[in-house]
>>> print(open('work31.txt').read())   # compact mmCIF, C-alpha atoms
# COMPACT_ATOMS: atom_id res chain seq x y z
CA MET V 22 -12.86 -5.00 -10.96
CA SER V 23 -15.74 -2.55 -10.75
CA VAL V 24 -16.80 -1.09 -7.41
CA HIS V 25 -20.01 0.92 -7.04
CA ALA V 26 -21.38 3.22 -4.36
CA THR V 27 -22.82 0.47 -2.18
CA PRO V 28 -20.90 -0.06 1.08
CA PRO V 29 -19.08 -3.35 1.71
CA PRO V 30 -21.02 -6.02 3.63
CA PRO V 31 -20.53 -6.13 7.41
CA GLY V 32 -17.50 -8.08 8.50
CA THR V 33 -15.67 -7.69 5.20
CA ALA V 34 -13.14 -4.98 6.00
CA PRO V 35 -10.62 -4.77 3.14
CA ARG V 36 -7.34 -6.57 3.57
CA VAL V 37 -5.33 -3.47 2.70
CA ARG V 38 -6.87 -1.59 5.58
CA ALA V 39 -6.54 -4.53 7.97
CA ARG V 40 -2.80 -4.70 7.42
CA LEU V 41 -2.49 -1.02 8.30
CA VAL V 42 -4.48 -1.17 11.54
CA PRO V 43 -1.76 -2.41 13.95
CA LEU V 44 0.84 0.06 12.71
CA VAL V 45 -1.55 2.99 12.54
CA LEU V 46 -3.02 2.26 15.98
CA ALA V 47 0.47 2.16 17.45
CA LEU V 48 1.32 5.44 15.81
CA LEU V 49 -1.91 6.99 17.04
CA ALA V 50 -1.26 5.82 20.61
CA ALA V 51 2.18 7.39 20.53
CA LEU V 52 0.83 10.63 19.13
CA LEU V 53 -1.91 10.88 21.72
CA ALA V 54 0.80 11.00 24.35
CA VAL V 55 2.48 13.95 22.65
CA ALA V 56 1.72 17.39 24.04
CA VAL V 57 -0.42 19.21 21.49
CA PRO V 58 0.74 22.75 20.75
CA ALA V 59 -1.64 25.64 20.89
CA ALA V 60 -3.57 26.01 17.68
CA ALA V 61 -3.09 28.96 15.41
CA PRO V 62 -5.98 31.41 15.63
CA ALA V 63 -8.89 30.60 13.34
CA HIS V 64 -9.39 32.97 10.45
CA ALA V 65 -12.15 35.46 11.29
CA ALA V 66 -17.22 33.50 2.68
CA VAL V 67 -15.91 30.19 2.08
CA PRO V 68 -13.61 30.39 0.23
CA ASP V 69 -12.47 34.02 0.13
CA ARG V 70 -9.82 33.48 -2.54
CA TRP V 71 -9.08 30.48 -4.68
CA GLY V 72 -7.64 29.33 -7.97
CA PHE V 73 -6.72 26.13 -9.78
CA ALA V 74 -4.80 25.18 -12.90
CA TYR V 75 -3.39 22.24 -14.83
CA LEU V 76 0.08 22.63 -16.32
CA ASP V 77 -0.22 20.59 -19.49
CA LEU V 78 3.29 21.33 -20.83
CA PRO V 79 6.09 19.86 -18.65
CA ALA V 80 8.73 22.25 -20.03
CA PRO V 81 6.84 25.51 -20.59
CA PRO V 82 8.29 28.74 -21.97
CA PRO V 83 8.24 31.80 -19.70
CA GLY V 84 4.78 33.27 -19.25
CA TYR V 85 3.07 30.11 -20.47
CA VAL V 86 -0.74 30.03 -20.18
CA PRO V 87 -1.70 26.44 -19.29
CA ASP V 88 -4.81 24.56 -20.43
CA THR V 89 -7.61 27.15 -20.29
CA THR V 90 -10.30 24.47 -19.90
CA ARG V 91 -8.69 23.36 -16.63
CA GLN V 92 -8.00 26.68 -14.90
CA TRP V 93 -10.22 29.18 -13.10
CA GLY V 94 -10.37 31.25 -9.94
CA SER V 95 -12.17 33.75 -7.77
CA TRP V 96 -10.63 36.87 -9.32
CA ALA V 97 -12.50 39.14 -11.72
CA SER V 98 -12.81 37.85 -15.29
CA PRO V 99 -10.65 34.69 -15.06
CA ALA V 100 -11.05 34.06 -18.79
CA ALA V 101 -9.44 37.43 -19.53
CA ASN V 102 -6.85 37.16 -16.73
CA PRO V 103 -5.44 33.64 -17.05
CA VAL V 104 -3.08 31.75 -14.80
CA LYS V 105 0.48 31.80 -16.09
CA VAL V 106 3.48 29.53 -15.37
CA ASP V 107 7.19 30.32 -15.47
CA PRO V 108 9.88 27.60 -15.47
CA ALA V 109 12.48 27.92 -12.70
CA GLY V 110 14.84 25.07 -13.63
CA THR V 111 14.40 21.35 -14.22
CA GLY V 112 11.25 20.24 -12.42
CA ALA V 113 10.74 23.69 -10.89
CA TYR V 114 7.84 26.02 -11.65
CA VAL V 115 6.21 29.24 -10.48
CA VAL V 116 2.43 29.36 -10.95
CA HIS V 117 1.05 32.91 -11.05
CA PHE V 118 -2.55 33.26 -9.87
CA PRO V 119 -3.71 36.82 -10.64
CA LEU V 120 -5.51 39.19 -8.26
CA ILE V 121 -5.85 36.83 -5.27
CA GLY V 122 -2.89 37.99 -3.21
CA GLY V 123 -3.34 37.88 0.54
CA PRO V 124 -2.38 36.04 3.71
CA GLY V 125 -3.15 32.49 4.77
CA GLY V 126 -4.63 29.68 2.73
CA ILE V 127 -3.16 26.39 1.58
CA ALA V 128 -1.96 24.84 -1.67
CA HIS V 129 -2.17 21.31 -3.09
CA VAL V 130 -0.45 19.77 -6.11
CA THR V 131 -0.83 16.45 -7.95
CA ALA V 132 1.54 15.14 -10.63
CA VAL V 133 0.04 13.91 -13.90
CA ASN V 134 2.19 11.23 -15.57
CA ARG V 135 2.77 7.47 -15.82
CA THR V 136 6.45 7.56 -14.87
CA GLY V 137 6.12 8.01 -11.10
CA THR V 138 7.53 11.53 -11.09
CA TRP V 139 5.82 13.24 -8.17
CA CYS V 140 5.29 16.92 -7.40
CA GLN V 141 5.22 18.94 -4.18
CA VAL V 142 4.66 22.52 -3.12
CA VAL V 143 7.79 24.58 -2.41
CA GLY V 144 5.87 27.54 -1.01
CA TRP V 145 3.43 30.32 -1.87
CA GLY V 146 2.97 34.00 -1.21
CA THR V 147 1.64 37.33 -2.42
CA VAL V 148 3.46 39.03 -5.28
CA GLY V 149 1.92 42.39 -6.14
CA THR V 150 -1.82 41.81 -6.42
CA GLY V 151 -1.42 38.15 -7.29
CA LEU V 152 -0.36 34.98 -5.56
CA ASP V 153 2.51 32.73 -6.65
CA VAL V 154 2.69 29.02 -5.87
CA LYS V 155 6.09 27.39 -6.36
CA VAL V 156 6.09 23.72 -7.36
CA ALA V 157 8.92 21.17 -7.59
CA CYS V 158 8.78 17.73 -9.20
CA TYR V 159 11.10 14.74 -8.72
CA SER V 160 11.68 11.41 -10.43
CA PRO V 161 11.25 8.19 -8.43
CA ALA V 162 15.05 8.26 -7.93
CA GLY V 163 14.78 11.71 -6.34
CA ALA V 164 16.26 13.81 -9.16
CA PRO V 165 14.48 16.98 -10.32
CA ALA V 166 12.25 16.09 -13.25
CA ASN V 167 9.73 17.90 -15.41
CA SER V 168 6.08 16.85 -15.22
CA PRO V 169 2.57 18.09 -15.86
CA PHE V 170 0.63 18.73 -12.65
CA THR V 171 -2.54 20.15 -11.17
CA VAL V 172 -2.26 22.91 -8.59
CA LEU V 173 -4.84 24.43 -6.24
CA PHE V 174 -4.81 27.36 -3.82
CA THR V 175 -7.68 28.21 -1.47
CA SER V 176 -8.22 30.45 1.53
CA SER V 177 -11.35 30.66 3.71
CA SER V 178 -12.60 32.61 6.70
CA GLY V 179 -15.84 33.02 8.64
CA THR V 180 -18.84 30.73 8.51
CA PRO V 181 -20.02 28.93 5.38
CA ALA V 182 -22.39 30.74 3.09
CA PRO V 183 -24.63 28.99 2.30
CA PRO V 184 -24.44 26.64 5.30
CA GLY V 185 -24.17 22.91 4.76
CA GLY V 186 -21.37 20.44 4.42
CA ASP V 187 -17.99 20.73 6.14
CA HIS V 188 -14.67 22.21 5.14
CA GLY V 189 -11.41 22.56 7.01
CA TYR V 190 -7.72 22.85 6.31
CA LEU V 191 -4.39 23.36 7.99
CA TYR V 192 -0.80 24.15 7.06
CA SER V 193 1.58 22.53 9.53
CA LEU V 194 5.29 23.07 10.05
CA PRO V 195 7.44 20.01 10.85
CA SER V 196 7.14 20.84 14.57
CA GLY V 197 3.34 20.66 14.38
CA THR V 198 2.94 24.42 14.74
CA LEU V 199 0.20 25.67 12.45
CA VAL V 200 0.95 28.48 10.04
CA THR V 201 -2.67 28.82 8.94
CA GLN V 202 -5.91 26.91 9.42
CA TYR V 203 -9.65 27.03 8.83
CA ASN V 204 -12.62 25.13 10.27
CA SER V 205 -16.16 25.72 8.97
CA ALA V 206 -17.59 24.66 12.35
CA GLY V 207 -15.62 27.39 14.09
CA GLY V 208 -13.27 25.02 15.91
CA ALA V 209 -9.51 25.33 16.23
CA ASN V 210 -7.67 22.66 14.27
CA LEU V 211 -4.57 21.11 15.81
CA SER V 212 -1.41 19.37 14.63
CA SER V 213 1.03 17.44 16.80
CA HIS V 214 4.31 15.82 15.80
CA GLY V 215 5.10 12.26 16.83
CA SER V 216 8.00 10.17 15.57
CA THR V 217 9.96 11.27 12.51
CA GLY V 218 7.64 11.82 9.58
CA ILE V 219 4.40 11.29 11.55
CA TRP V 220 1.80 13.81 12.71
CA LYS V 221 -1.70 13.80 14.11
CA ALA V 222 -4.16 16.33 12.65
CA TRP V 223 -7.35 17.11 14.60
CA LEU V 224 -10.32 18.90 12.98
CA PRO V 225 -13.00 19.36 15.65
CA GLY V 226 -16.68 19.60 14.84
CA LEU V 227 -16.35 18.27 11.30
CA GLY V 228 -17.48 15.01 9.73
CA SER V 229 -19.28 12.12 11.37
CA THR V 230 -18.77 8.97 13.41
CA THR V 231 -17.92 7.08 10.22
CA GLU V 232 -15.62 8.08 7.39
CA VAL V 233 -17.37 10.69 5.25
CA GLY V 234 -15.92 13.22 2.85
CA ASP V 235 -12.57 13.68 1.15
CA VAL V 236 -9.04 14.34 2.44
CA GLN V 237 -6.09 15.74 0.48
CA VAL V 238 -2.49 16.10 1.74
CA THR V 239 0.54 17.71 0.07
CA ALA V 240 4.18 18.04 1.14
CA VAL V 241 5.61 21.56 1.40
CA ASP V 242 9.41 21.67 1.26
CA ALA V 243 11.86 24.19 -0.19
CA VAL V 244 14.98 22.09 0.50
CA GLN V 245 14.52 18.61 -0.94
CA GLY V 246 12.05 16.13 -2.39
CA ALA V 247 9.23 15.10 -0.05
CA ARG V 248 5.98 13.18 -0.26
CA CYS V 249 3.10 13.17 2.22
CA LYS V 250 -0.04 11.05 2.50
CA VAL V 251 -2.92 10.11 4.79
CA ALA V 252 -1.73 7.22 6.97
CA GLY V 253 -4.88 6.80 9.07
CA TRP V 254 -8.39 8.19 9.54
CA TYR V 255 -10.22 8.10 12.89
CA PRO V 256 -13.73 9.58 12.79
CA SER V 257 -15.74 10.47 15.89
CA SER V 258 -18.81 12.43 16.91
CA THR V 259 -16.58 15.33 17.99
CA GLY V 260 -14.36 15.60 14.93
CA GLN V 261 -11.87 13.92 12.64
CA THR V 262 -8.38 12.69 13.47
CA PHE V 263 -5.97 12.03 10.61
CA LEU V 264 -2.47 10.59 10.69
CA VAL V 265 -0.16 12.24 8.17
CA ALA V 266 2.99 10.42 7.05
CA CYS V 267 5.81 12.03 5.06
CA PHE V 268 8.88 10.56 3.37
CA ASP V 269 11.95 11.81 1.56
CA ALA V 270 13.05 10.73 -1.91
CA ALA V 271 14.88 7.73 -0.42
CA ASN V 272 11.58 6.52 1.13
CA ALA V 273 12.73 7.29 4.69
CA PRO V 274 10.35 8.98 7.17
CA TYR V 275 11.03 12.69 6.91
CA ASP V 276 10.03 15.81 8.81
CA THR V 277 8.65 18.40 6.42
CA ALA V 278 5.84 20.92 6.31
CA TRP V 279 2.53 19.83 4.82
CA THR V 280 -1.01 20.92 4.01
CA LEU V 281 -4.23 18.99 4.64
CA SER V 282 -7.77 19.81 3.54
CA TYR V 283 -11.00 18.02 4.46
CA SER V 284 -14.37 18.46 2.76
CA VAL V 285 -17.77 16.84 3.29
CA LYS V 286 -20.34 17.48 0.55
CA ARG V 287 -18.23 20.42 -0.54
CA ALA V 288 -15.81 20.80 -3.40
CA VAL V 289 -12.10 20.31 -2.72
CA HIS V 290 -11.47 24.08 -2.56
CA GLY V 291 -14.27 24.66 -0.05
CA PRO V 292 -17.50 25.95 -1.58
CA ALA V 293 -20.78 24.06 -1.66
CA TYR V 294 -22.65 26.17 -4.22
CA PRO V 295 -21.19 27.16 -6.53
CA PRO V 296 -19.93 24.82 -7.77
CA LYS V 297 -22.86 22.50 -8.23
CA SER V 298 -20.77 19.90 -10.07
CA PHE V 299 -18.17 17.98 -8.05
CA GLY V 300 -17.42 14.60 -6.54
CA TYR V 301 -14.95 12.55 -4.56
CA LEU V 302 -14.08 8.91 -3.93
CA TRP V 303 -11.88 6.97 -1.49
CA TYR V 304 -10.61 3.55 -2.51
CA ASN V 305 -9.13 1.52 0.36
CA GLY V 306 -9.74 -1.97 -1.01
CA ALA V 307 -13.43 -1.11 -1.12
CA VAL V 308 -15.29 2.19 -1.52
CA PRO V 309 -16.88 3.32 1.77
CA ALA V 310 -20.31 4.78 1.03
CA GLY V 311 -19.71 8.06 2.87
CA THR V 312 -16.56 8.76 0.88
CA ASN V 313 -18.17 8.25 -2.52
CA PHE V 314 -20.06 11.43 -3.36
CA ASN V 315 -21.56 12.94 -6.51
CA SER V 316 -23.12 16.38 -6.15
CA VAL V 317 -25.84 15.75 -8.75
CA GLY V 318 -26.77 12.32 -7.40
CA GLY V 319 -24.98 10.27 -10.03
CA ALA V 320 -23.47 6.89 -9.19
CA ASN V 321 -19.68 7.16 -9.25
CA THR V 322 -17.98 3.92 -10.28
CA LEU V 323 -14.47 2.59 -9.86
CA SER V 324 -12.68 0.02 -11.98
CA ALA V 325 -9.66 -0.76 -9.82
CA GLY V 326 -6.48 -1.35 -11.79
CA VAL V 327 -3.11 0.09 -12.80
CA PRO V 328 -4.19 2.77 -13.40
CA SER V 329 -7.69 2.71 -11.98
CA THR V 330 -10.63 4.29 -13.77
CA VAL V 331 -13.15 6.46 -11.92
CA LEU V 332 -16.31 7.66 -13.67
CA MET V 333 -18.36 10.49 -12.17
CA PRO V 334 -21.55 11.04 -14.21
CA GLY V 335 -23.29 14.38 -14.55
CA VAL V 336 -20.53 16.60 -13.13
CA ALA V 337 -18.16 17.07 -16.06
CA VAL V 338 -18.35 20.82 -16.62
CA PRO V 339 -15.21 22.73 -17.64
CA PRO V 340 -13.27 24.53 -16.37
CA ASP V 341 -12.50 21.78 -13.87
CA HIS V 342 -9.86 20.34 -11.57
CA ALA V 343 -8.70 17.17 -9.79
CA GLN V 344 -6.43 16.19 -6.90
CA VAL V 345 -5.20 12.78 -5.69
CA THR V 346 -3.64 11.72 -2.37
CA ALA V 347 -2.26 8.31 -1.36
CA TYR V 348 -3.61 6.45 1.67
CA GLY V 349 -1.61 4.03 3.81
CA SER V 350 1.38 3.76 6.11
CA GLY V 351 4.21 3.04 3.66
CA PRO V 352 6.22 5.38 1.40
CA GLY V 353 4.25 4.69 -1.80
CA TRP V 354 2.47 7.56 -3.52
CA CYS V 355 -0.43 8.28 -5.91
CA GLN V 356 -1.21 10.79 -8.64
CA LEU V 357 -3.03 10.95 -12.00
CA ALA V 358 -1.82 8.86 -14.92
CA LEU V 359 -3.16 11.32 -17.50
CA PRO V 360 -5.53 14.29 -17.74
CA TRP V 361 -9.19 13.60 -17.08
CA THR V 362 -11.59 13.47 -20.00
CA ARG V 363 -15.23 14.48 -20.35
CA SER V 364 -17.99 12.81 -22.36
CA SER V 365 -21.75 13.45 -22.23
CA GLY V 366 -21.47 14.99 -18.77
CA THR V 367 -19.32 12.18 -17.32
CA VAL V 368 -15.76 12.83 -16.20
CA LYS V 369 -13.25 9.98 -16.48
CA LEU V 370 -10.24 10.08 -14.14
CA ALA V 371 -7.23 7.76 -13.97
CA PRO V 372 -5.60 7.65 -10.51
CA LEU V 373 -2.31 5.76 -10.49
CA CYS V 374 -0.19 4.67 -7.52
CA PHE V 375 3.45 3.64 -7.20
CA ASN V 376 5.35 1.44 -4.77
CA PRO V 377 8.54 2.71 -3.05
CA GLY V 378 10.61 1.49 -5.99
CA GLY V 379 8.60 3.58 -8.44
CA ALA V 380 6.69 0.69 -10.03
CA PRO V 381 2.96 1.20 -10.76
CA VAL V 382 0.71 -0.73 -8.36
CA LEU V 383 -2.89 -0.89 -7.22
CA ALA V 384 -3.00 0.89 -3.85
CA PRO V 385 -5.46 2.97 -1.78
CA PHE V 386 -6.06 6.58 -2.86
CA LEU V 387 -8.34 9.57 -2.26
CA LEU V 388 -9.61 11.39 -5.37
CA ALA V 389 -11.39 14.74 -5.62
CA TYR V 390 -12.85 16.39 -8.73
CA THR V 391 -14.59 19.73 -9.09
CA SER V 392 -15.95 22.07 -11.69
CA ALA V 393 -15.67 25.81 -11.22
CA VAL V 394 -19.43 26.23 -11.79
>>> encode(input="work31.txt", output="structure tokens")
Amino acid sequence: MSVHATPPPPGTAPRVRARLVPLVLALLAALLAVAVPAAAPAHAAVPDRWGFAYLDLPAPPPGYVPDTTRQWGSWASPAANPVKVDPAGTGAYVVHFPLIGGPGGIAHVTAVNRTGTWCQVVGWGTVGTGLDVKVACYSPAGAPANSPFTVLFTSSSGTPAPPGGDHGYLYSLPSGTLVTQYNSAGGANLSSHGSTGIWKAWLPGLGSTTEVGDVQVTAVDAVQGARCKVAGWYPSSTGQTFLVACFDAANAPYDTAWTLSYSVKRAVHGPAYPPKSFGYLWYNGAVPAGTNFNSVGGANTLSAGVPSTVLMPGVAVPPDHAQVTAYGSGPGWCQLALPWTRSSGTVKLAPLCFNPGGAPVLAPFLLAYTSAV
């Protein structure tokens, strides 16, 4: 089917979302009773440092330079100082972003394949003048497996320049303690842990009373396979509450670290301008109007399927990047079926979701695309 930017008629809430409401409301009620830990101090440019890349070769040689049309960053002369990737074993990779070493920030990763192999962040940190992001990928059965993937790092501080739009992120430990966080409204984000594999994330001062913007979530685990997703979204006039759900490779709720980023009329890595070419879309059985955005005013369209097809006209400008996150309460996951393509200014993306058994299915997802310019 084809879904356009118009919101669904009143009284026609999608069935997928309706089935999630009782469970998610119960989880939210339990989390609201949990004592919320003190937030980590807000970082004192948006973003300060960032980089993205797409590993197009699942078994790269050491020092491999991935697809140069899908990598860029905030360092001097990115074209002359490319991202490089080293293999670290089956399904294990080290992505070297040059000249953006420093504290804080978050990382996201999205697998790109049709097999259901998913990818997660193992960790990141400064190495010399650069920043390394370690990535691990696993088959649906939980065994290490090679896969192409997209990877993003971003770090922000201070107030947005120029102002406009919203951007926030947090990196939460399993306990709910924040390692790092950012809020473009100046608020202090919070994370609180509920039952196993469930957290509440609070981003004050961002968003609206209805769902607007894009959300991305990634598991961070150095011990075993883990997947995280958005399990619920509760907008209000004072900020945004998200439920985050994480699972292990056996589909059981699992306590792991995770990153979450939220952007409204800003690109997934934080800036509003540049880039001038970006977009996002949330499919939850319909496409809520506030979560379907195209920075040049084009009409994004969705043909829901297995995989789905999303077209974003007018924003396809390389070098570019995409991320996908699953939405819902169960252990299914989402990614990209194949690399995005560009034609006459339109980018074509193929989000693909999997059920807990690793079979492709149509399921809710959040998709973000951005150009570097």
>>> closest_residue(input="work31.txt", among="V:Trp93, V:Phe299, V:Trp139, V:Phe386", to="Val251 of chain V", atoms="all atoms listed in the file")
V:Phe386
>>> closest_atom_pairs(input="work31.txt", of="segment 88-191 of chain V", to="segment 216-224 of chain V", cutoff="10 Å", atoms="only C-alpha atoms", output="CSV")
residue,atom,partner,partner_atom,distance
V:His188,CA,V:Leu224,CA,9.6
V:Gly189,CA,V:Leu224,CA,7.1
V:Tyr190,CA,V:Leu224,CA,8.2
V:Leu191,CA,V:Ala222,CA,8.4
>>> write_last_selection(input="work31.txt", atoms="C-alpha atoms", output="PDB file, in the coordinates of the input")
ATOM      1  CA  HIS V 188     -14.670  22.210   5.140  1.00  0.00           C
ATOM      2  CA  GLY V 189     -11.410  22.560   7.010  1.00  0.00           C
ATOM      3  CA  TYR V 190      -7.720  22.850   6.310  1.00  0.00           C
ATOM      4  CA  LEU V 191      -4.390  23.360   7.990  1.00  0.00           C
TER       5      LEU V 191
END
>>> residues_around(input="work31.txt", residues="Asn321 of chain V", least_positions_apart="6", cutoff="10 Å", atoms="only C-alpha atoms", output="ChimeraX atom specification")
/V:24-26,300-302,313-315,331-335,367-368
>>> atom_distance(input="work31.txt", atom1="atom CA of Val238 of chain V", atom2="atom CA of His129 of chain V")
7.1 Å
>>> atom_distance(input="work31.txt", atom1="atom CA of Ala347 of chain V", atom2="atom CA of Thr201 of chain V")
23.0 Å
>>> atom_distance(input="work31.txt", atom1="atom CA of Pro292 of chain V", atom2="atom CA of Gly72 of chain V")
12.2 Å
>>> closest_residue(input="work31.txt", among="V:Thr89, V:Gly185, V:Thr198, V:Thr138", to="Val285 of chain V", atoms="all atoms listed in the file")
V:Gly185
>>> closest_residue(input="work31.txt", among="V:Gly215, V:Gly110, V:Gly306, V:Gly137", to="Pro381 of chain V", atoms="all atoms listed in the file")
V:Gly137
>>> residues_near_point(input="work31.txt", point="(4.8, 5.3, -3.9)", cutoff="12 Å", atoms="all atoms listed in the file", output="ChimeraX atom specification")
/V:136-139,160-162,247-250,267-273,346-356,373-386
>>> closest_residue(input="work31.txt", among="V:Gly318, V:Gly122, V:Pro372, V:Gly112", to="Gln141 of chain V", atoms="all atoms listed in the file")
V:Gly112
>>> residues_around(input="work31.txt", residues="Ser229 of chain V", least_positions_apart="4", cutoff="8 Å", atoms="all atoms listed in the file", output="list in words")
Val233, Pro256, Ser257, Ser258, Thr259, Gly260 and Gln261 of chain V
>>> residues_around(input="work31.txt", residues="Trp279 of chain V", least_positions_apart="5", cutoff="8 Å", atoms="all atoms listed in the file", output="PyMOL selection string")
chain V and resi 192-195+238-242+249
>>> residues_around(input="work31.txt", residues="Ala80 of chain V", least_positions_apart="3", cutoff="9 Å", atoms="all atoms listed in the file", output="PyMOL selection string")
chain V and resi 108+111-112+167-169
>>> closest_residue(input="work31.txt", among="V:Cys140, V:Pro340, V:Lys155, V:Ser364", to="Arg91 of chain V", atoms="only C-alpha atoms")
V:Pro340
>>> residues_around(input="work31.txt", residues="Pro68 of chain V", least_positions_apart="6", cutoff="9 Å", atoms="all atoms listed in the file", output="PyMOL selection string")
chain V and resi 95+175-178+181+290-292
>>> closest_residue(input="work31.txt", among="V:Leu281, V:Leu264, V:Val289, V:Ala166", to="Tyr203 of chain V", atoms="all atoms listed in the file")
V:Leu281
